[in-house]
$ cat work.cif   # mmCIF, C-alpha atoms
data_coords
#
loop_
_atom_site.group_PDB
_atom_site.id
_atom_site.type_symbol
_atom_site.label_atom_id
_atom_site.label_comp_id
_atom_site.auth_asym_id
_atom_site.auth_seq_id
_atom_site.Cartn_x
_atom_site.Cartn_y
_atom_site.Cartn_z
ATOM 1 C CA MET M 1 11.333 7.991 15.859
ATOM 2 C CA LEU M 2 9.735 6.903 12.590
ATOM 3 C CA ARG M 3 10.809 4.141 10.206
ATOM 4 C CA LEU M 4 9.126 3.259 6.952
ATOM 5 C CA GLU M 5 10.207 -0.208 5.857
ATOM 6 C CA GLY M 6 9.348 -1.258 2.307
ATOM 7 C CA LEU M 7 6.325 1.028 2.414
ATOM 8 C CA ALA M 8 3.817 0.719 -0.403
ATOM 9 C CA CYS M 9 0.573 2.653 -0.290
ATOM 10 C CA GLY M 10 -2.171 3.908 -2.545
ATOM 11 C CA TYR M 11 -5.836 4.159 -3.370
ATOM 12 C CA GLY M 12 -7.663 0.941 -4.228
ATOM 13 C CA LEU M 13 -5.773 -0.761 -7.048
ATOM 14 C CA PHE M 14 -3.569 2.291 -7.630
ATOM 15 C CA ARG M 15 -0.151 2.222 -5.975
ATOM 16 C CA ALA M 16 1.211 5.719 -5.305
ATOM 17 C CA VAL M 17 4.360 4.681 -3.421
ATOM 18 C CA SER M 18 6.458 1.526 -3.718
ATOM 19 C CA GLU M 19 9.197 0.079 -1.512
ATOM 20 C CA LEU M 20 9.886 3.331 0.345
ATOM 21 C CA GLU M 21 12.612 3.198 2.977
ATOM 22 C CA LEU M 22 12.802 6.200 5.282
ATOM 23 C CA LYS M 23 14.155 6.957 8.745
ATOM 24 C CA VAL M 24 13.147 10.102 10.634
ATOM 25 C CA PRO M 25 15.511 10.615 13.588
ATOM 26 C CA ARG M 26 14.091 12.034 16.790
ATOM 27 C CA GLY M 27 14.365 15.798 17.196
ATOM 28 C CA THR M 28 15.296 16.486 13.560
ATOM 29 C CA ILE M 29 13.746 17.983 10.437
ATOM 30 C CA THR M 30 13.495 15.515 7.548
ATOM 31 C CA GLY M 31 12.548 16.803 4.110
ATOM 32 C CA LEU M 32 10.597 14.688 1.626
ATOM 33 C CA ILE M 33 11.090 16.197 -1.817
ATOM 34 C CA GLY M 34 10.580 15.385 -5.475
ATOM 35 C CA PRO M 35 8.458 16.337 -8.498
ATOM 36 C CA ASN M 36 4.677 16.557 -8.514
ATOM 37 C CA GLY M 37 3.099 13.105 -8.427
ATOM 38 C CA ALA M 38 6.131 11.504 -6.800
ATOM 39 C CA GLY M 39 4.088 10.181 -3.863
ATOM 40 C CA LYS M 40 5.134 12.638 -1.169
ATOM 41 C CA SER M 41 1.650 13.567 0.053
ATOM 42 C CA SER M 42 0.499 9.945 -0.170
ATOM 43 C CA THR M 43 3.385 8.941 2.093
ATOM 44 C CA LEU M 44 2.413 11.463 4.766
ATOM 45 C CA MET M 45 -1.257 10.554 4.570
ATOM 46 C CA CYS M 46 -0.380 6.857 4.855
ATOM 47 C CA VAL M 47 1.662 7.492 7.991
ATOM 48 C CA ALA M 48 -1.279 9.472 9.379
ATOM 49 C CA GLY M 49 -3.668 6.610 8.572
ATOM 50 C CA HIS M 50 -5.685 8.209 5.768
ATOM 51 C CA VAL M 51 -4.248 6.290 2.795
ATOM 52 C CA ASP M 52 -4.205 2.487 2.566
ATOM 53 C CA LEU M 53 -0.993 0.727 3.559
ATOM 54 C CA GLN M 54 -0.563 -1.924 0.847
ATOM 55 C CA ALA M 55 2.764 -3.423 1.924
ATOM 56 C CA GLY M 56 5.619 -2.853 4.341
ATOM 57 C CA ARG M 57 5.708 -1.453 7.871
ATOM 58 C CA ILE M 58 5.246 1.870 9.642
ATOM 59 C CA VAL M 59 7.242 1.790 12.874
ATOM 60 C CA PHE M 60 6.734 4.672 15.300
ATOM 61 C CA ASP M 61 8.526 4.743 18.645
ATOM 62 C CA GLU M 62 9.465 1.080 18.041
ATOM 63 C CA HIS M 63 5.810 0.013 17.578
ATOM 64 C CA ASP M 64 4.302 -1.172 14.308
ATOM 65 C CA ILE M 65 1.316 1.131 13.809
ATOM 66 C CA GLY M 66 0.365 0.105 10.273
ATOM 67 C CA ALA M 67 -2.922 -1.467 11.360
ATOM 68 C CA LEU M 68 -3.990 1.308 13.740
ATOM 69 C CA PRO M 69 -6.782 3.755 12.866
ATOM 70 C CA ALA M 70 -5.911 7.400 12.307
ATOM 71 C CA THR M 71 -7.379 8.476 15.651
ATOM 72 C CA GLU M 72 -5.104 6.105 17.562
ATOM 73 C CA ARG M 73 -2.066 7.353 15.654
ATOM 74 C CA VAL M 74 -2.899 10.881 16.804
ATOM 75 C CA ARG M 75 -3.104 9.625 20.385
ATOM 76 C CA ARG M 76 0.302 8.002 19.993
ATOM 77 C CA GLY M 77 1.825 11.317 18.927
ATOM 78 C CA ILE M 78 1.508 11.741 15.143
ATOM 79 C CA SER M 79 -0.099 14.897 13.795
ATOM 80 C CA ILE M 80 -0.420 16.321 10.277
ATOM 81 C CA ALA M 81 -0.910 19.737 8.705
ATOM 82 C CA PRO M 82 -2.217 18.445 5.370
ATOM 83 C CA GLU M 83 -1.877 19.790 1.853
ATOM 84 C CA GLY M 84 -4.602 22.361 1.257
ATOM 85 C CA ARG M 85 -4.793 22.990 5.056
ATOM 86 C CA ARG M 86 -8.317 21.493 5.325
ATOM 87 C CA LEU M 87 -9.412 23.882 8.034
ATOM 88 C CA PHE M 88 -12.932 24.115 9.393
ATOM 89 C CA LYS M 89 -13.680 27.255 7.397
ATOM 90 C CA ASP M 90 -16.930 28.097 9.207
ATOM 91 C CA LEU M 91 -15.274 27.929 12.631
ATOM 92 C CA SER M 92 -13.182 30.629 14.261
ATOM 93 C CA VAL M 93 -9.427 30.433 14.692
ATOM 94 C CA ASN M 94 -9.959 29.703 18.376
ATOM 95 C CA ASP M 95 -12.409 26.886 17.667
ATOM 96 C CA ASN M 96 -10.148 25.326 15.044
ATOM 97 C CA LEU M 97 -7.435 25.196 17.706
ATOM 98 C CA ARG M 98 -9.924 23.758 20.176
ATOM 99 C CA VAL M 99 -10.802 20.960 17.743
ATOM 100 C CA GLY M 100 -7.106 20.148 17.377
ATOM 101 C CA GLY M 101 -6.812 19.590 21.119
ATOM 102 C CA LEU M 102 -9.990 17.586 21.674
ATOM 103 C CA ILE M 103 -8.111 14.371 22.415
ATOM 104 C CA HIS M 104 -6.713 16.009 25.567
ATOM 105 C CA ASP M 105 -8.350 17.293 28.725
ATOM 106 C CA ALA M 106 -9.947 20.716 28.299
ATOM 107 C CA SER M 107 -7.832 22.050 31.167
ATOM 108 C CA LEU M 108 -4.782 21.894 28.863
ATOM 109 C CA PHE M 109 -6.336 24.029 26.140
ATOM 110 C CA LYS M 110 -5.172 27.460 27.258
ATOM 111 C CA ALA M 111 -1.542 26.458 27.798
ATOM 112 C CA ASP M 112 -1.409 24.647 24.472
ATOM 113 C CA ARG M 113 -3.060 27.554 22.677
ATOM 114 C CA ASP M 114 -0.642 30.002 24.279
ATOM 115 C CA TYR M 115 2.258 27.952 22.937
ATOM 116 C CA VAL M 116 0.799 28.038 19.416
ATOM 117 C CA LEU M 117 0.269 31.790 19.700
ATOM 118 C CA SER M 118 3.874 32.260 20.800
ATOM 119 C CA LEU M 119 4.892 30.621 17.523
ATOM 120 C CA PHE M 120 2.345 32.533 15.457
ATOM 121 C CA PRO M 121 1.471 35.833 17.186
ATOM 122 C CA ARG M 122 -0.612 36.843 14.171
ATOM 123 C CA LEU M 123 -3.177 34.172 15.090
ATOM 124 C CA GLY M 124 -3.597 35.832 18.477
ATOM 125 C CA GLU M 125 -4.916 38.888 16.658
ATOM 126 C CA ARG M 126 -7.421 36.762 14.730
ATOM 127 C CA LEU M 127 -8.798 34.373 17.361
ATOM 128 C CA GLY M 128 -12.410 35.392 16.731
ATOM 129 C CA SER M 129 -12.116 35.470 12.934
ATOM 130 C CA LEU M 130 -13.513 32.686 10.780
ATOM 131 C CA ALA M 131 -10.844 30.513 9.218
ATOM 132 C CA ALA M 132 -12.380 31.266 5.820
ATOM 133 C CA ASN M 133 -11.497 34.945 6.248
ATOM 134 C CA LEU M 134 -7.793 34.419 6.896
ATOM 135 C CA SER M 135 -5.058 35.032 4.338
ATOM 136 C CA GLY M 136 -3.268 32.025 2.863
ATOM 137 C CA GLY M 137 -0.338 32.499 5.209
ATOM 138 C CA GLU M 138 -2.580 32.802 8.246
ATOM 139 C CA GLN M 139 -4.420 29.653 7.207
ATOM 140 C CA GLN M 140 -1.139 27.778 6.982
ATOM 141 C CA MET M 141 -0.195 28.995 10.446
ATOM 142 C CA LEU M 142 -3.562 27.818 11.751
ATOM 143 C CA SER M 143 -3.186 24.421 10.084
ATOM 144 C CA ILE M 144 0.180 23.910 11.783
ATOM 145 C CA GLY M 145 -1.174 25.306 15.056
ATOM 146 C CA ARG M 146 -4.177 22.985 15.007
ATOM 147 C CA ALA M 147 -1.851 20.004 14.472
ATOM 148 C CA LEU M 148 0.302 21.129 17.410
ATOM 149 C CA MET M 149 -2.724 21.257 19.711
ATOM 150 C CA ALA M 150 -2.709 17.444 19.707
ATOM 151 C CA ARG M 151 0.659 17.582 21.520
ATOM 152 C CA PRO M 152 2.460 15.479 18.886
ATOM 153 C CA LYS M 153 5.881 13.919 19.093
ATOM 154 C CA LEU M 154 6.032 14.010 15.282
ATOM 155 C CA ILE M 155 4.407 16.695 13.155
ATOM 156 C CA MET M 156 4.128 16.208 9.401
ATOM 157 C CA ILE M 157 3.650 19.327 7.270
ATOM 158 C CA ASP M 158 2.620 19.030 3.628
ATOM 159 C CA GLU M 159 3.556 21.814 1.175
ATOM 160 C CA LEU M 160 4.483 24.445 3.732
ATOM 161 C CA SER M 161 5.226 27.332 1.373
ATOM 162 C CA LEU M 162 2.766 26.612 -1.452
ATOM 163 C CA GLY M 163 1.020 29.815 -2.533
ATOM 164 C CA LEU M 164 2.419 31.938 0.295
ATOM 165 C CA MET M 165 4.065 35.341 0.148
ATOM 166 C CA PRO M 166 7.802 35.291 1.011
ATOM 167 C CA LYS M 167 7.220 37.057 4.332
ATOM 168 C CA MET M 168 4.715 34.393 5.416
ATOM 169 C CA VAL M 169 7.093 31.646 4.326
ATOM 170 C CA ASP M 170 9.792 33.199 6.510
ATOM 171 C CA LEU M 171 7.459 33.284 9.525
ATOM 172 C CA CYS M 172 6.486 29.641 9.060
ATOM 173 C CA TYR M 173 10.094 28.516 8.717
ATOM 174 C CA ASP M 174 11.054 30.518 11.803
ATOM 175 C CA ALA M 175 8.366 28.553 13.656
ATOM 176 C CA LEU M 176 9.795 25.259 12.373
ATOM 177 C CA LEU M 177 13.219 26.098 13.732
ATOM 178 C CA ARG M 178 11.671 27.015 17.082
ATOM 179 C CA LEU M 179 9.810 23.689 17.149
ATOM 180 C CA LYS M 180 13.021 21.810 16.433
ATOM 181 C CA GLN M 181 14.769 23.749 19.186
ATOM 182 C CA ASP M 182 11.955 22.666 21.519
ATOM 183 C CA GLY M 183 12.568 19.009 20.638
ATOM 184 C CA MET M 184 9.872 18.417 18.025
ATOM 185 C CA THR M 185 10.452 15.889 15.241
ATOM 186 C CA ILE M 186 9.334 17.205 11.846
ATOM 187 C CA LEU M 187 8.673 15.493 8.510
ATOM 188 C CA LEU M 188 8.279 18.158 5.835
ATOM 189 C CA VAL M 189 7.043 17.957 2.255
ATOM 190 C CA GLU M 190 8.098 21.033 0.311
ATOM 191 C CA GLN M 191 8.326 22.123 -3.346
ATOM 192 C CA ASN M 192 10.829 24.874 -2.510
ATOM 193 C CA THR M 193 13.847 22.594 -2.439
ATOM 194 C CA ASP M 194 16.362 25.308 -1.718
ATOM 195 C CA ARG M 195 14.387 26.357 1.342
ATOM 196 C CA VAL M 196 13.903 22.870 2.727
ATOM 197 C CA LEU M 197 17.592 22.049 2.230
ATOM 198 C CA SER M 198 18.451 25.108 4.311
ATOM 199 C CA VAL M 199 16.644 23.741 7.387
ATOM 200 C CA ALA M 200 16.432 19.961 7.016
ATOM 201 C CA ASP M 201 18.930 17.641 8.651
ATOM 202 C CA HIS M 202 18.111 14.844 6.227
ATOM 203 C CA VAL M 203 16.260 14.574 2.922
ATOM 204 C CA CYS M 204 14.622 11.789 0.962
ATOM 205 C CA VAL M 205 14.021 12.326 -2.760
ATOM 206 C CA LEU M 206 11.096 10.526 -4.402
ATOM 207 C CA GLU M 207 10.263 9.986 -8.052
ATOM 208 C CA SER M 208 7.275 7.983 -9.318
ATOM 209 C CA GLY M 209 6.675 6.598 -5.853
ATOM 210 C CA CYS M 210 10.213 5.290 -5.351
ATOM 211 C CA THR M 211 13.221 6.552 -3.395
ATOM 212 C CA VAL M 212 15.977 7.828 -5.681
ATOM 213 C CA TRP M 213 18.204 9.367 -2.999
ATOM 214 C CA SER M 214 18.327 9.606 0.780
ATOM 215 C CA GLY M 215 20.886 11.158 3.061
ATOM 216 C CA VAL M 216 22.204 14.257 4.805
ATOM 217 C CA SER M 217 20.984 17.542 3.317
ATOM 218 C CA ALA M 218 24.488 18.936 2.878
ATOM 219 C CA ASP M 219 25.438 15.900 0.790
ATOM 220 C CA ALA M 220 22.439 16.425 -1.493
ATOM 221 C CA ARG M 221 23.775 19.812 -2.529
ATOM 222 C CA LYS M 222 27.158 18.280 -3.352
ATOM 223 C CA ASP M 223 25.738 15.668 -5.748
ATOM 224 C CA PRO M 224 25.678 17.425 -9.145
ATOM 225 C CA GLU M 225 23.427 14.889 -10.893
ATOM 226 C CA LEU M 226 20.929 14.908 -8.046
ATOM 227 C CA ALA M 227 20.978 18.695 -7.801
ATOM 228 C CA ALA M 228 20.352 19.147 -11.506
ATOM 229 C CA ALA M 229 17.731 16.413 -11.912
ATOM 230 C CA TYR M 230 15.616 16.771 -8.772
ATOM 231 C CA LEU M 231 16.558 19.762 -6.673
ATOM 232 C CA GLY M 232 16.358 22.565 -9.215
ATOM 233 C CA LEU M 233 19.914 23.554 -8.343
ATOM 234 C CA ARG M 234 22.793 24.173 -10.742
#

$ encode --input "work.cif" --output "structure tokens"
Amino acid sequence: MLRLEGLACGYGLFRAVSELELKVPRGTITGLIGPNGAGKSSTLMCVAGHVDLQAGRIVFDEHDIGALPATERVRRGISIAPEGRRLFKDLSVNDNLRVGGLIHDASLFKADRDYVLSLFPRLGERLGSLAANLSGGEQQMLSIGRALMARPKLIMIDELSLGLMPKMVDLCYDALLRLKQDGMTILLVEQNTDRVLSVADHVCVLESGCTVWSGVSADARKDPELAAAYLGLR
């Protein structure tokens, strides 16, 4: 569904990612992992259209979308739950979800919201609450839910488990598996490498903006040098 071919991206004269090659097969979970500052978030934001593409190609559904604005990429089926969640804190849960679905006809809102609430029943109990008053886990659920309201083909989730209690992490990962079962394609950035390896079909490991390993998740665990150097596994 998504191919990054020689991708280089960054901010002005700064290059955060260089020569990245990545394939995200349709209907799978692909994990993008590596140390802090490796370029993982920059990669997602470049695909979404919020970080400058400096070289290479972004191919989505066999179309080069590298020159398209972020709004058009959403219309084509790419959605992101960004690092830090970036919710509209002074809006209610319900209105945050409504904003996520604004590119579609209002008649679709209830059905799309009901789907999100089936994934995250806790949000159904907080529809009238301001996003600012939610717990960290609830905010992460809302960030993912808002991204799903755009009816994406590909959802990108940045730092899913960061700062969350284990129970909330479990609920979010349960939702990911449900999304995959429903045919969603997922690109996931995650610091908890053991957790992402447990659900991802494929992983790409970045360091200093460059790919150091890419392949099937099960093979990553079997590579002792990779496991020790990048995955926190022994």

$ closest_residue --input "work.cif" --among "M:Asn192, M:Ser217, M:Asn133, M:Asn36" --to "M:Pro166" --atoms "only C-alpha atoms"
M:Asn192

$ resolve_selection --input "work.cif" --expression "the PyMOL selection byres ((chain M and resi 77-92) around 6)" --output "ChimeraX atom specification"
/M:73-76,93-95,128-132,143-144,147,152-159

$ closest_residue --input "work.cif" --among "M:Glu72, M:Asp114, M:Asp194, M:Glu5" --to "M:Leu148" --atoms "all atoms listed in the file"
M:Asp114

$ closest_residue --input "work.cif" --among "M:His63, M:Lys40, M:His50, M:Arg98" --to "M:Thr211" --atoms "only C-alpha atoms"
M:Lys40

$ resolve_selection --input "work.cif" --expression "the PyMOL selection byres ((chain M and resi 12) around 12)" --output "PyMOL selection string"
chain M and resi 9-11+13-16+51-54
